[in-house]
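Pasted below: run_31.cif, mmCIF, all heavy atoms.
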```cif
data_data
loop_
_atom_site.label_atom_id
_atom_site.label_comp_id
_atom_site.auth_asym_id
_atom_site.auth_seq_id
_atom_site.Cartn_x
_atom_site.Cartn_y
_atom_site.Cartn_z
N MET A 5 0.83 -1.19 0.00
CA MET A 5 0.00 0.00 0.00
C MET A 5 0.87 1.26 0.00
O MET A 5 0.56 2.22 -0.68
CB MET A 5 -0.92 -0.01 1.21
CG MET A 5 -1.81 1.19 1.26
SD MET A 5 -2.87 1.12 2.70
CE MET A 5 -3.56 2.74 2.65
N ILE A 6 1.96 1.24 0.74
CA ILE A 6 2.83 2.41 0.81
C ILE A 6 3.48 2.65 -0.55
O ILE A 6 3.50 3.79 -1.03
CB ILE A 6 3.89 2.24 1.91
CG1 ILE A 6 3.22 2.23 3.28
CG2 ILE A 6 4.93 3.35 1.84
CD1 ILE A 6 4.14 1.88 4.40
N TYR A 7 3.96 1.60 -1.19
CA TYR A 7 4.59 1.74 -2.50
C TYR A 7 3.59 2.31 -3.51
O TYR A 7 3.93 3.22 -4.26
CB TYR A 7 5.11 0.38 -2.98
CG TYR A 7 5.66 0.42 -4.38
CD1 TYR A 7 6.89 1.00 -4.64
CD2 TYR A 7 4.93 -0.09 -5.44
CE1 TYR A 7 7.40 1.05 -5.92
CE2 TYR A 7 5.42 -0.05 -6.72
CZ TYR A 7 6.65 0.52 -6.96
OH TYR A 7 7.15 0.58 -8.24
N GLU A 8 2.38 1.80 -3.52
CA GLU A 8 1.35 2.29 -4.44
C GLU A 8 1.01 3.74 -4.15
O GLU A 8 0.78 4.53 -5.07
CB GLU A 8 0.10 1.42 -4.36
CG GLU A 8 0.29 0.03 -4.93
CD GLU A 8 0.64 0.02 -6.40
OE1 GLU A 8 0.08 0.83 -7.16
OE2 GLU A 8 1.48 -0.81 -6.79
N SER A 9 0.96 4.13 -2.89
CA SER A 9 0.65 5.52 -2.52
C SER A 9 1.73 6.47 -3.00
O SER A 9 1.44 7.57 -3.47
CB SER A 9 0.49 5.65 -1.00
OG SER A 9 -0.63 4.92 -0.57
N ILE A 10 2.99 6.05 -2.90
CA ILE A 10 4.09 6.89 -3.37
C ILE A 10 4.07 6.98 -4.89
O ILE A 10 4.24 8.04 -5.48
CB ILE A 10 5.44 6.33 -2.87
CG1 ILE A 10 5.54 6.49 -1.35
CG2 ILE A 10 6.61 7.04 -3.55
CD1 ILE A 10 6.72 5.79 -0.73
N LYS A 11 3.82 5.85 -5.54
CA LYS A 11 3.79 5.81 -7.00
C LYS A 11 2.66 6.66 -7.58
O LYS A 11 2.84 7.31 -8.61
CB LYS A 11 3.64 4.35 -7.45
CG LYS A 11 3.95 4.10 -8.90
CD LYS A 11 4.07 2.63 -9.18
CE LYS A 11 2.71 2.08 -9.54
NZ LYS A 11 2.77 0.71 -10.07
N GLU A 12 1.52 6.70 -6.92
CA GLU A 12 0.36 7.45 -7.39
C GLU A 12 0.43 8.95 -7.08
O GLU A 12 -0.27 9.74 -7.69
CB GLU A 12 -0.92 6.90 -6.75
CG GLU A 12 -1.27 5.51 -7.19
CD GLU A 12 -2.44 4.94 -6.41
OE1 GLU A 12 -2.94 5.62 -5.48
OE2 GLU A 12 -2.84 3.80 -6.70
N ALA A 13 1.27 9.35 -6.14
CA ALA A 13 1.33 10.75 -5.71
C ALA A 13 1.92 11.64 -6.80
O ALA A 13 2.86 11.25 -7.49
CB ALA A 13 2.16 10.87 -4.44
N ASP A 14 1.35 12.84 -6.96
CA ASP A 14 1.88 13.83 -7.90
C ASP A 14 3.19 14.39 -7.37
O ASP A 14 3.45 14.34 -6.16
CB ASP A 14 0.89 14.98 -8.08
CG ASP A 14 -0.37 14.55 -8.79
OD1 ASP A 14 -0.31 13.61 -9.60
OD2 ASP A 14 -1.42 15.17 -8.53
N LEU A 15 4.00 14.95 -8.26
CA LEU A 15 5.26 15.56 -7.83
C LEU A 15 5.04 16.71 -6.87
O LEU A 15 5.87 16.96 -6.00
CB LEU A 15 6.06 16.03 -9.04
CG LEU A 15 6.77 14.93 -9.83
CD1 LEU A 15 7.51 15.54 -11.02
CD2 LEU A 15 7.75 14.17 -8.96
N LYS A 16 3.92 17.40 -6.98
CA LYS A 16 3.66 18.52 -6.07
C LYS A 16 3.37 18.04 -4.64
O LYS A 16 3.39 18.82 -3.71
CB LYS A 16 2.49 19.36 -6.58
CG LYS A 16 1.17 18.65 -6.61
CD LYS A 16 0.08 19.54 -7.13
CE LYS A 16 -1.24 18.77 -7.13
NZ LYS A 16 -2.34 19.58 -7.58
N CYS A 17 3.14 16.74 -4.48
CA CYS A 17 2.88 16.16 -3.16
C CYS A 17 4.16 15.74 -2.45
O CYS A 17 4.12 15.30 -1.31
CB CYS A 17 1.95 14.96 -3.29
SG CYS A 17 0.32 15.39 -3.90
N PHE A 18 5.31 15.86 -3.12
CA PHE A 18 6.61 15.55 -2.53
C PHE A 18 7.22 16.83 -1.99
O PHE A 18 7.26 17.84 -2.69
CB PHE A 18 7.55 14.94 -3.58
CG PHE A 18 7.23 13.52 -3.95
CD1 PHE A 18 6.17 13.23 -4.77
CD2 PHE A 18 8.01 12.49 -3.47
CE1 PHE A 18 5.88 11.92 -5.12
CE2 PHE A 18 7.74 11.17 -3.81
CZ PHE A 18 6.66 10.90 -4.64
N GLU A 19 7.70 16.77 -0.76
CA GLU A 19 8.31 17.95 -0.14
C GLU A 19 9.52 17.49 0.67
O GLU A 19 9.44 16.51 1.41
CB GLU A 19 7.27 18.62 0.76
CG GLU A 19 7.72 19.88 1.39
CD GLU A 19 6.60 20.52 2.21
OE1 GLU A 19 5.65 19.83 2.58
OE2 GLU A 19 6.71 21.72 2.47
N LYS A 20 10.65 18.19 0.51
CA LYS A 20 11.84 17.87 1.29
C LYS A 20 12.06 18.98 2.31
O LYS A 20 12.22 20.13 1.95
CB LYS A 20 13.07 17.73 0.41
CG LYS A 20 14.29 17.29 1.19
CD LYS A 20 15.46 16.97 0.29
CE LYS A 20 16.59 16.34 1.03
NZ LYS A 20 17.34 17.19 1.88
N ILE A 21 12.05 18.60 3.56
CA ILE A 21 12.31 19.53 4.65
C ILE A 21 13.40 18.91 5.51
O ILE A 21 13.20 17.82 6.07
CB ILE A 21 11.05 19.81 5.50
CG1 ILE A 21 9.94 20.39 4.63
CG2 ILE A 21 11.38 20.74 6.66
CD1 ILE A 21 8.62 20.58 5.36
N GLY A 22 14.54 19.57 5.58
CA GLY A 22 15.65 19.04 6.36
C GLY A 22 16.14 17.74 5.79
O GLY A 22 16.44 17.63 4.61
N LYS A 23 16.19 16.72 6.63
CA LYS A 23 16.72 15.42 6.18
C LYS A 23 15.62 14.44 5.80
O LYS A 23 15.90 13.26 5.60
CB LYS A 23 17.60 14.82 7.27
CG LYS A 23 16.89 14.54 8.57
CD LYS A 23 17.84 13.95 9.58
CE LYS A 23 17.07 13.65 10.86
NZ LYS A 23 17.89 12.93 11.80
N ASN A 24 14.38 14.89 5.66
CA ASN A 24 13.27 14.00 5.35
C ASN A 24 12.50 14.44 4.12
O ASN A 24 12.43 15.63 3.80
CB ASN A 24 12.30 13.92 6.52
CG ASN A 24 12.93 13.31 7.75
OD1 ASN A 24 13.78 12.45 7.64
ND2 ASN A 24 12.53 13.78 8.91
N PHE A 25 11.90 13.46 3.45
CA PHE A 25 10.91 13.70 2.41
C PHE A 25 9.54 13.47 3.02
O PHE A 25 9.36 12.55 3.81
CB PHE A 25 11.08 12.71 1.24
CG PHE A 25 12.30 12.92 0.41
CD1 PHE A 25 13.33 12.00 0.42
CD2 PHE A 25 12.42 14.03 -0.42
CE1 PHE A 25 14.46 12.17 -0.36
CE2 PHE A 25 13.55 14.20 -1.20
CZ PHE A 25 14.56 13.28 -1.17
N TYR A 26 8.58 14.31 2.63
CA TYR A 26 7.20 14.15 3.07
C TYR A 26 6.35 13.97 1.82
O TYR A 26 6.37 14.82 0.93
CB TYR A 26 6.74 15.37 3.86
CG TYR A 26 7.54 15.55 5.13
CD1 TYR A 26 8.67 16.36 5.15
CD2 TYR A 26 7.18 14.89 6.29
CE1 TYR A 26 9.42 16.51 6.30
CE2 TYR A 26 7.93 15.04 7.46
CZ TYR A 26 9.04 15.86 7.45
OH TYR A 26 9.78 16.00 8.59
N ILE A 27 5.65 12.87 1.74
CA ILE A 27 4.85 12.53 0.56
C ILE A 27 3.40 12.43 1.01
O ILE A 27 3.06 11.61 1.87
CB ILE A 27 5.31 11.21 -0.06
CG1 ILE A 27 6.80 11.28 -0.36
CG2 ILE A 27 4.50 10.89 -1.31
CD1 ILE A 27 7.50 9.96 -0.30
N SER A 28 2.54 13.26 0.44
CA SER A 28 1.12 13.25 0.78
C SER A 28 0.33 12.57 -0.32
O SER A 28 0.57 12.80 -1.50
CB SER A 28 0.61 14.67 0.96
OG SER A 28 1.28 15.31 2.00
N ASN A 29 -0.61 11.73 0.08
CA ASN A 29 -1.50 11.08 -0.86
C ASN A 29 -2.92 11.31 -0.36
O ASN A 29 -3.36 10.67 0.60
CB ASN A 29 -1.19 9.59 -0.97
CG ASN A 29 -2.01 8.91 -2.03
OD1 ASN A 29 -3.22 9.09 -2.10
ND2 ASN A 29 -1.36 8.13 -2.86
N SER A 30 -3.63 12.23 -1.00
CA SER A 30 -4.98 12.58 -0.54
C SER A 30 -6.00 11.50 -0.88
O SER A 30 -7.05 11.43 -0.25
CB SER A 30 -5.41 13.92 -1.12
OG SER A 30 -5.37 13.88 -2.53
N THR A 31 -5.70 10.65 -1.84
CA THR A 31 -6.61 9.56 -2.18
C THR A 31 -6.71 8.57 -1.03
O THR A 31 -7.80 8.13 -0.66
CB THR A 31 -6.13 8.82 -3.45
OG1 THR A 31 -5.99 9.76 -4.50
CG2 THR A 31 -7.10 7.73 -3.86
N ASN A 32 -5.58 8.23 -0.45
CA ASN A 32 -5.54 7.30 0.69
C ASN A 32 -5.54 8.02 2.03
O ASN A 32 -5.51 7.36 3.07
CB ASN A 32 -4.31 6.40 0.60
CG ASN A 32 -4.37 5.49 -0.60
OD1 ASN A 32 -5.44 5.07 -1.02
ND2 ASN A 32 -3.22 5.17 -1.17
N ASN A 33 -5.51 9.35 2.02
CA ASN A 33 -5.50 10.17 3.24
C ASN A 33 -4.33 9.83 4.15
O ASN A 33 -4.49 9.65 5.36
CB ASN A 33 -6.81 10.05 4.00
CG ASN A 33 -7.95 10.67 3.25
OD1 ASN A 33 -7.79 11.66 2.54
ND2 ASN A 33 -9.13 10.10 3.39
N ILE A 34 -3.12 9.73 3.55
CA ILE A 34 -1.94 9.45 4.36
C ILE A 34 -0.80 10.39 3.98
O ILE A 34 -0.75 10.93 2.88
CB ILE A 34 -1.46 7.99 4.24
CG1 ILE A 34 -1.10 7.64 2.80
CG2 ILE A 34 -2.46 7.02 4.80
CD1 ILE A 34 -0.45 6.27 2.65
N LYS A 35 0.11 10.59 4.93
CA LYS A 35 1.35 11.32 4.70
C LYS A 35 2.49 10.42 5.15
O LYS A 35 2.50 9.91 6.27
CB LYS A 35 1.38 12.63 5.50
CG LYS A 35 2.63 13.44 5.24
CD LYS A 35 2.51 14.85 5.76
CE LYS A 35 2.88 14.94 7.20
NZ LYS A 35 2.99 16.31 7.69
N ILE A 36 3.45 10.22 4.24
CA ILE A 36 4.56 9.30 4.48
C ILE A 36 5.82 10.13 4.71
O ILE A 36 6.13 11.03 3.92
CB ILE A 36 4.75 8.36 3.29
CG1 ILE A 36 3.45 7.61 2.99
CG2 ILE A 36 5.90 7.40 3.53
CD1 ILE A 36 3.41 6.95 1.64
N THR A 37 6.56 9.83 5.77
CA THR A 37 7.83 10.49 6.06
C THR A 37 8.95 9.51 5.74
O THR A 37 8.96 8.39 6.26
CB THR A 37 7.90 10.90 7.54
OG1 THR A 37 6.77 11.70 7.85
CG2 THR A 37 9.17 11.69 7.81
N VAL A 38 9.89 9.94 4.87
CA VAL A 38 10.97 9.08 4.42
C VAL A 38 12.30 9.79 4.67
O VAL A 38 12.45 10.97 4.33
CB VAL A 38 10.83 8.75 2.91
CG1 VAL A 38 11.98 7.88 2.43
CG2 VAL A 38 9.50 8.11 2.62
N ASN A 39 13.27 9.10 5.24
CA ASN A 39 14.60 9.65 5.44
C ASN A 39 15.27 9.82 4.09
O ASN A 39 15.31 8.90 3.29
CB ASN A 39 15.43 8.71 6.34
CG ASN A 39 16.79 9.26 6.65
OD1 ASN A 39 17.64 9.36 5.77
ND2 ASN A 39 16.99 9.63 7.90
N SER A 40 15.82 11.02 3.81
CA SER A 40 16.39 11.31 2.50
C SER A 40 17.76 10.66 2.29
O SER A 40 18.19 10.50 1.15
CB SER A 40 16.49 12.82 2.28
OG SER A 40 17.38 13.40 3.20
N ALA A 41 18.44 10.27 3.34
CA ALA A 41 19.75 9.64 3.19
C ALA A 41 19.64 8.13 2.99
O ALA A 41 20.34 7.56 2.17
CB ALA A 41 20.61 9.92 4.42
N THR A 42 18.74 7.48 3.72
CA THR A 42 18.62 6.03 3.67
C THR A 42 17.39 5.55 2.90
O THR A 42 17.28 4.36 2.61
CB THR A 42 18.55 5.44 5.09
OG1 THR A 42 17.36 5.93 5.73
CG2 THR A 42 19.77 5.80 5.90
N TYR A 43 16.46 6.46 2.62
CA TYR A 43 15.18 6.15 1.97
C TYR A 43 14.34 5.16 2.77
O TYR A 43 13.51 4.45 2.23
CB TYR A 43 15.39 5.64 0.53
CG TYR A 43 16.08 6.65 -0.34
CD1 TYR A 43 17.40 6.46 -0.72
CD2 TYR A 43 15.42 7.80 -0.75
CE1 TYR A 43 18.06 7.39 -1.50
CE2 TYR A 43 16.07 8.74 -1.54
CZ TYR A 43 17.38 8.53 -1.91
OH TYR A 43 18.02 9.46 -2.68
N ARG A 44 14.54 5.15 4.06
CA ARG A 44 13.72 4.31 4.94
C ARG A 44 12.48 5.08 5.35
O ARG A 44 12.53 6.28 5.61
CB ARG A 44 14.49 3.90 6.19
CG ARG A 44 15.57 2.92 5.91
CD ARG A 44 16.18 2.43 7.18
NE ARG A 44 17.27 1.51 6.88
CZ ARG A 44 17.84 0.76 7.77
NH1 ARG A 44 17.45 0.79 9.03
NH2 ARG A 44 18.81 -0.05 7.43
N ILE A 45 11.39 4.36 5.46
CA ILE A 45 10.13 4.97 5.91
C ILE A 45 10.21 5.16 7.41
O ILE A 45 10.52 4.23 8.15
CB ILE A 45 8.94 4.08 5.53
CG1 ILE A 45 8.85 4.00 4.01
CG2 ILE A 45 7.65 4.62 6.13
CD1 ILE A 45 7.89 2.96 3.51
N ILE A 46 9.94 6.39 7.84
CA ILE A 46 9.98 6.71 9.26
C ILE A 46 8.59 6.57 9.87
O ILE A 46 8.40 5.86 10.85
CB ILE A 46 10.54 8.13 9.49
CG1 ILE A 46 11.96 8.22 8.95
CG2 ILE A 46 10.48 8.50 10.96
CD1 ILE A 46 12.50 9.62 8.89
N THR A 47 7.61 7.26 9.28
CA THR A 47 6.24 7.18 9.77
C THR A 47 5.26 7.26 8.62
O THR A 47 5.58 7.76 7.54
CB THR A 47 5.90 8.33 10.75
OG1 THR A 47 6.07 9.58 10.08
CG2 THR A 47 6.74 8.30 11.99
N VAL A 48 4.07 6.79 8.88
CA VAL A 48 2.93 6.96 7.98
C VAL A 48 1.81 7.49 8.86
O VAL A 48 1.41 6.83 9.82
CB VAL A 48 2.51 5.65 7.30
CG1 VAL A 48 1.31 5.88 6.41
CG2 VAL A 48 3.67 5.07 6.50
N ASP A 49 1.33 8.69 8.56
CA ASP A 49 0.31 9.35 9.36
C ASP A 49 -0.97 9.52 8.55
O ASP A 49 -0.92 9.74 7.34
CB ASP A 49 0.78 10.72 9.83
CG ASP A 49 2.02 10.64 10.69
OD1 ASP A 49 2.02 9.83 11.64
OD2 ASP A 49 2.98 11.38 10.42
N LYS A 50 -2.08 9.43 9.24
CA LYS A 50 -3.38 9.65 8.61
C LYS A 50 -3.59 11.15 8.48
O LYS A 50 -3.30 11.92 9.41
CB LYS A 50 -4.48 9.02 9.44
CG LYS A 50 -5.83 9.14 8.80
CD LYS A 50 -6.88 8.38 9.60
CE LYS A 50 -8.21 8.48 8.88
NZ LYS A 50 -9.24 7.71 9.54
N ILE A 51 -4.10 11.58 7.33
CA ILE A 51 -4.45 12.98 7.11
C ILE A 51 -5.93 13.13 7.44
O ILE A 51 -6.77 12.42 6.86
CB ILE A 51 -4.18 13.42 5.66
CG1 ILE A 51 -2.72 13.27 5.31
CG2 ILE A 51 -4.67 14.84 5.43
CD1 ILE A 51 -2.42 13.52 3.84
N TYR A 52 -6.23 14.00 8.38
CA TYR A 52 -7.61 14.25 8.76
C TYR A 52 -8.14 15.45 7.99
O TYR A 52 -7.48 16.47 7.92
CB TYR A 52 -7.73 14.51 10.26
CG TYR A 52 -7.39 13.29 11.07
CD1 TYR A 52 -6.10 13.13 11.61
CD2 TYR A 52 -8.32 12.30 11.29
CE1 TYR A 52 -5.79 12.01 12.35
CE2 TYR A 52 -8.01 11.17 12.04
CZ TYR A 52 -6.75 11.03 12.55
OH TYR A 52 -6.43 9.92 13.29
N ASN A 53 -9.32 15.31 7.43
CA ASN A 53 -9.96 16.40 6.72
C ASN A 53 -10.84 17.17 7.70
O ASN A 53 -11.84 16.65 8.19
CB ASN A 53 -10.80 15.85 5.56
CG ASN A 53 -11.32 16.95 4.67
OD1 ASN A 53 -11.18 18.12 4.98
ND2 ASN A 53 -11.91 16.57 3.56
N ASN A 54 -10.46 18.40 7.99
CA ASN A 54 -11.20 19.22 8.96
C ASN A 54 -12.41 19.90 8.35
O ASN A 54 -13.11 20.62 9.03
CB ASN A 54 -10.28 20.27 9.58
CG ASN A 54 -9.18 19.63 10.40
OD1 ASN A 54 -9.38 18.55 10.95
ND2 ASN A 54 -8.04 20.27 10.48
N ASN A 55 -12.63 19.71 7.05
CA ASN A 55 -13.75 20.39 6.38
C ASN A 55 -15.03 19.57 6.38
O ASN A 55 -15.97 19.92 5.70
CB ASN A 55 -13.35 20.72 4.94
CG ASN A 55 -12.19 21.68 4.89
OD1 ASN A 55 -12.02 22.51 5.78
ND2 ASN A 55 -11.38 21.58 3.86
N ILE A 56 -15.07 18.48 7.11
CA ILE A 56 -16.28 17.63 7.12
C ILE A 56 -17.29 18.18 8.08
O ILE A 56 -17.04 18.63 9.12
CB ILE A 56 -15.91 16.17 7.48
CG1 ILE A 56 -15.01 15.60 6.41
CG2 ILE A 56 -17.14 15.32 7.64
CD1 ILE A 56 -14.51 14.20 6.68
#
```
Do you think you could lay out the structure here as structure tokens?
Amino acid sequence: MIYESIKEADLKCFEKIGKNFYISNSTNNIKITVNSATYRIITVDKIYNNNI
């Protein structure tokens, strides 16, 4: 699921801050944090929609 979420994400959903990449996938409502040096997944967080 994580691989598919990264593959489906648009380039605008990739953001590098410091030593991590942050990849958002609004279809699956998740944000993936990846270490930029090792490419290891650090966390996967649920994105909550506050507009409901």
task = Using the chain letters and numbers from the file, give me the residues hit by the PyMOL selection byres ((chain A and resi 26-39) around 4), as a ChimeraX atom specification.
result = /A:6,9-10,12-13,17-19,21,23-25,40-51
inquiry  = Among chain A, which ones does DSSP assign to strand (DSSP E or B) (computed from the backbone)? Answer as a PyMOL selection string.
reply    = chain A and resi 18-21+24-29+34-39+45-50
inquiry  = Can you pull out every residue from chain A that DSSP, working from the backbone, puts in helix (DSSP H, G or I), and format the result as an MDAnalysis selection string?
reply    = chainID A and resid 6:12 15:17
